$ cat structure-v4.txt   # compact mmCIF, C-alpha atoms and all ligand atoms
# COMPACT_ATOMS: atom_id res chain seq x y z
CA MET Y 16 -60.19 -89.84 151.70
CA PHE Y 17 -57.43 -92.10 150.29
CA ASN Y 18 -55.26 -90.20 152.74
CA LYS Y 19 -56.77 -92.46 155.35
CA PHE Y 20 -55.10 -95.50 153.75
CA ARG Y 21 -51.76 -93.83 153.20
CA LEU Y 22 -51.56 -92.68 156.80
CA GLY Y 23 -52.50 -96.10 158.13
CA LYS Y 24 -53.35 -95.87 161.82
CA LYS Y 25 -52.92 -92.15 162.22
CA GLN Y 26 -56.14 -90.41 163.34
CA GLU Y 27 -57.66 -88.63 160.37
CA HIS Y 28 -60.87 -86.74 160.90
CA SER Y 29 -63.35 -86.01 158.15
CA SER Y 30 -64.15 -82.36 157.60
CA THR Y 31 -67.62 -82.72 159.15
CA LEU Y 32 -66.07 -84.14 162.32
CA ARG Y 33 -63.47 -81.36 162.37
CA ASP Y 34 -66.22 -78.76 161.95
CA LYS Y 35 -68.21 -80.26 164.82
CA ILE Y 36 -65.11 -80.22 167.04
CA GLU Y 37 -64.48 -76.55 166.26
CA GLU Y 38 -68.15 -75.72 166.88
CA LEU Y 39 -68.14 -77.45 170.29
CA LYS Y 40 -64.92 -75.71 171.29
CA LYS Y 41 -66.73 -72.36 171.18
CA GLN Y 42 -68.65 -73.44 174.33
CA PRO Y 43 -67.27 -74.78 177.62
CA ILE Y 44 -65.86 -78.29 177.23
CA PRO Y 45 -66.28 -80.58 180.27
CA GLU Y 46 -62.93 -80.76 182.02
CA HIS Y 47 -63.35 -84.26 183.41
CA VAL Y 48 -65.36 -86.90 181.55
CA ALA Y 49 -65.98 -90.34 183.04
CA ILE Y 50 -67.24 -93.29 181.00
CA ILE Y 51 -68.76 -96.64 181.96
CA MET Y 52 -67.80 -98.68 178.89
CA ASP Y 53 -70.62 -101.20 178.93
CA GLY Y 54 -71.97 -103.63 176.33
CA ASN Y 55 -68.84 -105.36 175.05
CA GLY Y 56 -70.14 -108.86 175.80
CA ARG Y 57 -73.51 -108.09 174.26
CA TRP Y 58 -71.83 -106.71 171.14
CA ALA Y 59 -69.98 -110.01 170.73
CA LYS Y 60 -73.06 -112.13 171.42
CA LYS Y 61 -75.01 -110.31 168.70
CA ARG Y 62 -72.31 -111.41 166.27
CA ALA Y 63 -72.03 -114.97 167.62
CA LEU Y 64 -68.48 -114.14 168.74
CA PRO Y 65 -66.87 -115.02 172.08
CA ARG Y 66 -67.28 -112.29 174.75
CA VAL Y 67 -63.56 -111.55 174.65
CA ALA Y 68 -63.93 -110.41 171.02
CA GLY Y 69 -66.17 -107.65 172.34
CA HIS Y 70 -63.59 -106.61 174.92
CA HIS Y 71 -60.92 -106.50 172.24
CA GLU Y 72 -63.10 -104.35 170.00
CA GLY Y 73 -63.87 -102.15 173.00
CA MET Y 74 -60.16 -101.60 173.52
CA LYS Y 75 -59.86 -100.06 170.05
CA VAL Y 76 -62.67 -97.67 170.93
CA VAL Y 77 -60.66 -96.57 173.99
CA ARG Y 78 -57.94 -95.37 171.64
CA LYS Y 79 -60.32 -93.41 169.36
CA THR Y 80 -62.12 -91.87 172.33
CA THR Y 81 -58.85 -90.86 173.97
CA MET Y 82 -57.55 -89.17 170.84
CA LEU Y 83 -60.76 -87.20 170.36
CA ALA Y 84 -60.95 -86.23 174.05
CA ASN Y 85 -57.40 -84.92 173.77
CA LYS Y 86 -58.26 -82.95 170.63
CA LEU Y 87 -61.31 -81.43 172.32
CA GLY Y 88 -59.19 -80.17 175.19
CA ILE Y 89 -60.82 -82.41 177.80
CA LYS Y 90 -58.39 -82.43 180.72
CA ALA Y 91 -59.16 -85.83 182.24
CA LEU Y 92 -60.88 -88.94 180.91
CA THR Y 93 -61.67 -91.64 183.47
CA LEU Y 94 -62.60 -95.00 181.94
CA TYR Y 95 -64.18 -97.78 183.99
CA ALA Y 96 -62.21 -100.73 182.61
CA PHE Y 97 -62.70 -103.33 185.37
CA SER Y 98 -64.70 -103.30 188.58
CA THR Y 99 -64.00 -105.09 191.84
CA GLU Y 100 -67.09 -107.20 190.99
CA ASN Y 101 -65.77 -108.27 187.58
CA TRP Y 102 -63.57 -110.99 189.17
CA LYS Y 103 -66.77 -113.10 189.36
CA ARG Y 104 -66.69 -113.56 185.57
CA PRO Y 105 -65.36 -116.80 184.02
CA LYS Y 106 -61.64 -117.27 184.68
CA ASN Y 107 -60.66 -117.29 181.00
CA GLU Y 108 -62.51 -114.03 180.40
CA VAL Y 109 -60.82 -112.33 183.36
CA GLU Y 110 -57.42 -113.60 182.19
CA TYR Y 111 -58.06 -112.24 178.71
CA ILE Y 112 -59.19 -108.84 180.03
CA MET Y 113 -56.08 -108.60 182.22
CA ARG Y 114 -53.93 -108.91 179.06
CA LEU Y 115 -55.67 -105.93 177.44
CA PRO Y 116 -53.68 -103.19 179.19
CA GLU Y 117 -50.44 -104.76 177.86
CA GLU Y 118 -51.83 -105.16 174.39
CA PHE Y 119 -53.25 -101.64 174.38
CA LEU Y 120 -50.04 -100.06 175.63
CA GLY Y 121 -47.83 -102.28 173.44
CA THR Y 122 -49.66 -100.87 170.43
CA PHE Y 123 -50.60 -97.34 171.48
CA LEU Y 124 -48.17 -96.13 174.13
CA PRO Y 125 -45.91 -94.44 171.52
CA GLU Y 126 -48.97 -92.65 170.15
CA LEU Y 127 -50.03 -91.56 173.65
CA VAL Y 128 -46.53 -90.18 174.28
CA GLU Y 129 -46.54 -88.40 170.89
CA ASN Y 130 -49.86 -86.80 171.75
CA ASN Y 131 -48.78 -85.67 175.20
CA VAL Y 132 -51.29 -87.93 177.00
CA GLN Y 133 -50.60 -88.81 180.62
CA VAL Y 134 -51.66 -92.30 181.78
CA LYS Y 135 -52.95 -92.80 185.33
CA MET Y 136 -54.87 -95.44 187.22
CA ILE Y 137 -57.28 -95.63 190.14
CA GLY Y 138 -58.28 -98.89 191.82
CA TYR Y 139 -56.80 -101.64 193.95
CA LYS Y 140 -53.42 -102.44 192.43
CA ASN Y 141 -52.46 -105.25 194.82
CA GLN Y 142 -54.91 -107.82 193.34
CA LEU Y 143 -53.87 -107.24 189.75
CA PRO Y 144 -51.66 -109.79 187.97
CA VAL Y 145 -48.04 -108.56 188.03
CA HIS Y 146 -47.81 -108.50 184.23
CA THR Y 147 -50.83 -106.17 184.09
CA LEU Y 148 -49.52 -103.88 186.78
CA HIS Y 149 -46.01 -103.75 185.27
CA ALA Y 150 -47.37 -102.66 181.89
CA ILE Y 151 -49.51 -99.93 183.46
CA GLU Y 152 -46.76 -98.68 185.77
CA LYS Y 153 -44.36 -98.47 182.85
CA ALA Y 154 -46.91 -96.37 180.95
CA ILE Y 155 -47.52 -94.14 183.98
CA GLU Y 156 -43.77 -93.60 184.33
CA GLU Y 157 -43.17 -92.95 180.62
CA THR Y 158 -45.98 -90.40 180.42
CA LYS Y 159 -45.59 -88.69 183.79
CA ASP Y 160 -44.12 -85.47 182.33
CA ASN Y 161 -46.81 -85.12 179.65
CA ASN Y 162 -49.24 -82.29 180.27
CA GLY Y 163 -52.04 -83.07 177.80
CA LEU Y 164 -55.08 -85.20 178.53
CA VAL Y 165 -54.93 -87.38 181.65
CA LEU Y 166 -56.14 -90.84 180.63
CA ASN Y 167 -57.21 -92.37 183.92
CA PHE Y 168 -58.13 -96.06 183.99
CA ALA Y 169 -60.39 -97.26 186.80
CA LEU Y 170 -59.20 -100.82 187.13
CA ASN Y 171 -60.21 -103.13 189.96
CA TYR Y 172 -62.07 -100.10 191.24
CA GLY Y 173 -65.13 -100.05 193.50
CA SER Y 174 -66.58 -96.88 194.95
CA ARG Y 175 -68.00 -98.19 198.23
CA ALA Y 176 -64.72 -99.88 199.13
CA GLU Y 177 -62.94 -96.63 198.23
CA ILE Y 178 -65.22 -94.69 200.58
CA ILE Y 179 -64.78 -97.19 203.44
CA ASP Y 180 -61.00 -97.03 203.00
CA ALA Y 181 -61.17 -93.24 203.08
CA VAL Y 182 -63.18 -93.35 206.31
CA LYS Y 183 -60.60 -95.70 207.84
CA GLN Y 184 -57.79 -93.32 206.93
CA VAL Y 185 -59.74 -90.41 208.34
CA LEU Y 186 -60.23 -92.31 211.62
CA ASN Y 187 -56.56 -93.19 211.69
CA ASP Y 188 -55.46 -89.60 211.05
CA SER Y 189 -57.88 -88.46 213.73
CA LYS Y 190 -56.48 -90.96 216.23
CA ASN Y 191 -52.93 -89.81 215.43
CA GLY Y 192 -53.82 -86.12 215.79
CA ILE Y 193 -53.19 -85.41 212.08
CA LEU Y 194 -56.82 -84.46 211.49
CA ASN Y 195 -59.27 -82.83 213.86
CA GLU Y 196 -62.98 -83.68 213.64
CA THR Y 197 -63.83 -79.98 213.22
CA GLU Y 198 -61.55 -79.80 210.13
CA LEU Y 199 -63.33 -82.60 208.28
CA ASN Y 200 -65.49 -81.31 205.43
CA GLU Y 201 -66.36 -82.43 201.89
CA ASP Y 202 -63.14 -81.12 200.33
CA VAL Y 203 -60.99 -82.73 203.02
CA PHE Y 204 -62.86 -86.01 202.69
CA SER Y 205 -62.38 -85.92 198.88
CA SER Y 206 -58.64 -85.71 199.46
CA TYR Y 207 -58.78 -89.20 201.05
CA LEU Y 208 -60.31 -90.77 197.94
CA MET Y 209 -58.34 -92.39 195.11
CA THR Y 210 -59.39 -89.48 192.91
CA SER Y 211 -57.83 -86.85 195.20
CA GLU Y 212 -55.86 -85.28 192.35
CA PHE Y 213 -58.86 -84.98 190.01
CA LYS Y 214 -61.72 -82.55 190.03
CA ASP Y 215 -65.11 -84.29 190.14
CA PRO Y 216 -66.34 -85.44 186.71
CA ASP Y 217 -68.44 -82.84 184.88
CA LEU Y 218 -69.95 -85.48 182.64
CA LEU Y 219 -70.66 -89.20 183.05
CA ILE Y 220 -71.34 -91.31 179.98
CA ARG Y 221 -72.67 -94.87 180.18
CA THR Y 222 -73.18 -97.00 177.10
CA SER Y 223 -75.40 -100.01 176.39
CA GLY Y 224 -78.69 -98.84 177.84
CA GLU Y 225 -78.13 -99.54 181.55
CA ILE Y 226 -79.24 -96.60 183.67
CA ARG Y 227 -77.26 -97.11 186.87
CA LEU Y 228 -73.90 -96.30 188.44
CA SER Y 229 -72.76 -99.84 189.32
CA ASN Y 230 -70.54 -98.70 192.19
CA PHE Y 231 -68.65 -96.16 190.05
CA MET Y 232 -67.46 -92.89 191.64
CA LEU Y 233 -70.54 -92.54 193.88
CA TRP Y 234 -69.14 -89.60 195.84
CA GLN Y 235 -67.49 -87.90 192.87
CA LEU Y 236 -70.56 -87.99 190.58
CA ALA Y 237 -72.82 -86.15 193.05
CA TYR Y 238 -73.17 -83.06 190.82
CA SER Y 239 -72.21 -84.46 187.39
CA GLU Y 240 -74.34 -84.41 184.25
CA PHE Y 241 -75.29 -87.92 183.12
CA TRP Y 242 -75.60 -88.99 179.49
CA PHE Y 243 -76.82 -92.50 178.72
CA THR Y 244 -76.96 -94.19 175.35
CA ASP Y 245 -78.20 -97.56 174.07
CA VAL Y 246 -75.11 -97.80 171.85
CA LEU Y 247 -72.85 -100.69 172.87
CA TRP Y 248 -69.30 -99.64 173.76
CA PRO Y 249 -67.62 -101.24 170.71
CA ASP Y 250 -70.03 -99.22 168.52
CA PHE Y 251 -69.36 -95.95 170.37
CA SER Y 252 -67.98 -93.50 167.82
CA GLU Y 253 -66.48 -90.03 167.76
CA ASN Y 254 -69.91 -88.67 166.89
CA HIS Y 255 -71.38 -90.17 170.06
CA LEU Y 256 -68.82 -88.40 172.23
CA LEU Y 257 -69.48 -85.15 170.39
CA GLU Y 258 -73.23 -85.63 170.91
CA ALA Y 259 -72.75 -86.20 174.64
CA ILE Y 260 -70.73 -82.99 174.88
CA GLU Y 261 -73.30 -81.08 172.87
CA VAL Y 262 -76.03 -82.22 175.30
CA PHE Y 263 -73.77 -81.27 178.21
CA GLN Y 264 -73.29 -77.77 176.79
CA LYS Y 265 -77.04 -77.30 176.20
CA ARG Y 266 -77.77 -78.30 179.80
CA GLN Y 267 -75.09 -75.95 181.09
CA ARG Y 268 -76.57 -73.10 179.05
CA ARG Y 269 -80.07 -73.79 180.36
CA PHE Y 270 -78.75 -73.88 183.90
CA GLY Y 271 -76.93 -70.60 183.24
CA GLY Y 272 -80.16 -68.98 182.02
CA ILE Y 273 -82.05 -69.65 185.26
CA LEU Y 274 -79.29 -68.28 187.45
C1 LIG D 301 -60.18 -103.06 178.88
C2 LIG D 301 -61.48 -102.68 176.78
C3 LIG D 301 -62.43 -101.54 176.89
C4 LIG D 301 -63.83 -101.96 177.21
C5 LIG D 301 -64.01 -102.36 178.65
C6 LIG D 301 -63.49 -103.70 179.12
C7 LIG D 301 -62.31 -104.28 178.43
C8 LIG D 301 -57.94 -100.64 177.69
C9 LIG D 301 -57.37 -100.94 178.91
C10 LIG D 301 -56.19 -100.34 179.52
C11 LIG D 301 -56.04 -100.29 180.89
C12 LIG D 301 -54.93 -99.68 181.47
C13 LIG D 301 -53.99 -99.12 180.67
C14 LIG D 301 -54.10 -99.16 179.31
C15 LIG D 301 -55.21 -99.75 178.73
C16 LIG D 301 -58.19 -101.92 179.46
C17 LIG D 301 -59.01 -103.43 180.96
C18 LIG D 301 -60.07 -103.72 180.11
C19 LIG D 301 -58.89 -104.12 182.24
F1 LIG D 301 -52.90 -98.53 181.23
N1 LIG D 301 -59.02 -101.37 177.50
N2 LIG D 301 -59.20 -102.16 178.57
N3 LIG D 301 -58.09 -102.54 180.64
N4 LIG D 301 -61.26 -103.34 178.04
$ encode --input "structure-v4.txt" --output "structure tokens" --more "lines below"
Ligand code: V07
Amino acid sequence: MFNKFRLGKKQEHSSTLRDKIEELKKQPIPEHVAIIMDGNGRWAKKRALPRVAGHHEGMKVVRKTTMLANKLGIKALTLYAFSTENWKRPKNEVEYIMRLPEEFLGTFLPELVENNVQVKMIGYKNQLPVHTLHAIEKAIEETKDNNGLVLNFALNYGSRAEIIDAVKQVLNDSKNGILNETELNEDVFSSYLMTSEFKDPDLLIRTSGEIRLSNFMLWQLAYSEFWFTDVLWPDFSENHLLEAIEVFQKRQRRFGGIL
């Protein structure tokens, strides 16, 4: 295990973790996993730390989760990083959170590139601070030719607003004769959403014990498996992701048995 020190930040997996990964890979791996990364503030409060310390710790967990998702062969990982409602939080907290993409990418972008990860984003870009958007767009550009895991950040994202915007575009295309009412179906409607290039998530994970969707991918999660845990996001480990996938596979198998 002293390898871990010598290699510094490089991801080293213990043999038990490696065995679990190999075991899971024998069964279908969810292609698209979405995560509501909740409980960062509560994690900090429990330690008498400022809320932002929880967000910072949560950012490190994003890196670990991404690397494992990539190793598992998950094709897309959508992470709910900031909702359209999160602007209501104290100004200093919002300002701190909006620095996290730069910090994350400043530290980990080379590693993402090395590991063939492609960065993407869904959400309303126009309200983001320019420094935040610049950092993300640079990462999107620098990773656009990678063909490994798609790491998709939902940032300033809200599902109802997304659906309303899609309806408006549908109406507009209808008015302009681009789309006929008889052609509109679920697949066509999906193509108007911000997630048009993604398949619907197979698995949704939410941490920190809240059992709700909080305006996250309402349309897209219609048929997804849900896995909830009381674990706070900064405490979410590789083993938790593996457990979620194991549960997913068991449910799929049960479903398969009935059919
Ligand atoms: C954020 C850390 C994770 C817990 C949830 C809230 C705070 C990573 C990013 C990020 C975003 C885009 C990107 C690269 C990294 C991030 C926000 C919040 C807004 F291209 N973590 N993280 N963005 N938190």
$ residues_around --input "structure-v4.txt" --residues "Val165 (chain Y)" --least-positions-apart "6" --cutoff "12 Å" --atoms "only C-alpha atoms" --output "PyMOL selection string"
chain Y and resi 46-49+81-82+84-85+88-94+127-128+130-136+155+158-159+212-214
$ residues_near_ligand --input "structure-v4.txt" --ligand "ligand LIG 301 (chain D)" --cutoff "9 Å" --atoms "all atoms listed in the file" --output "NGL selection string"
:Y and (51-55 or 67 or 69-78 or 94-98 or 109 or 111-120 or 123-124 or 134-136 or 147-148 or 150-155 or 166-171 or 248-249)
$ atom_distance --input "structure-v4.txt" --atom1 "CA of Asp250 (chain Y)" --atom2 "CA of Glu110 (chain Y)"
23.5 Å
$ atom_distance --input "structure-v4.txt" --atom1 "CA of Ser211 (chain Y)" --atom2 "CA of Gly163 (chain Y)"
18.7 Å
$ residues_around --input "structure-v4.txt" --residues "Glu225 (chain Y)" --least-positions-apart "5" --cutoff "9 Å" --atoms "all atoms listed in the file" --output "ChimeraX atom specification"
/Y:53,243-245
$ closest_residue --input "structure-v4.txt" --among "Y:Met232, Y:Leu208, Y:Leu32, Y:Ala63" --to "Lys183 (chain Y)" --atoms "only C-alpha atoms"
Y:Leu208
$ atom_distance --input "structure-v4.txt" --atom1 "CA of Gly173 (chain Y)" --atom2 "CA of Gly138 (chain Y)"
7.1 Å
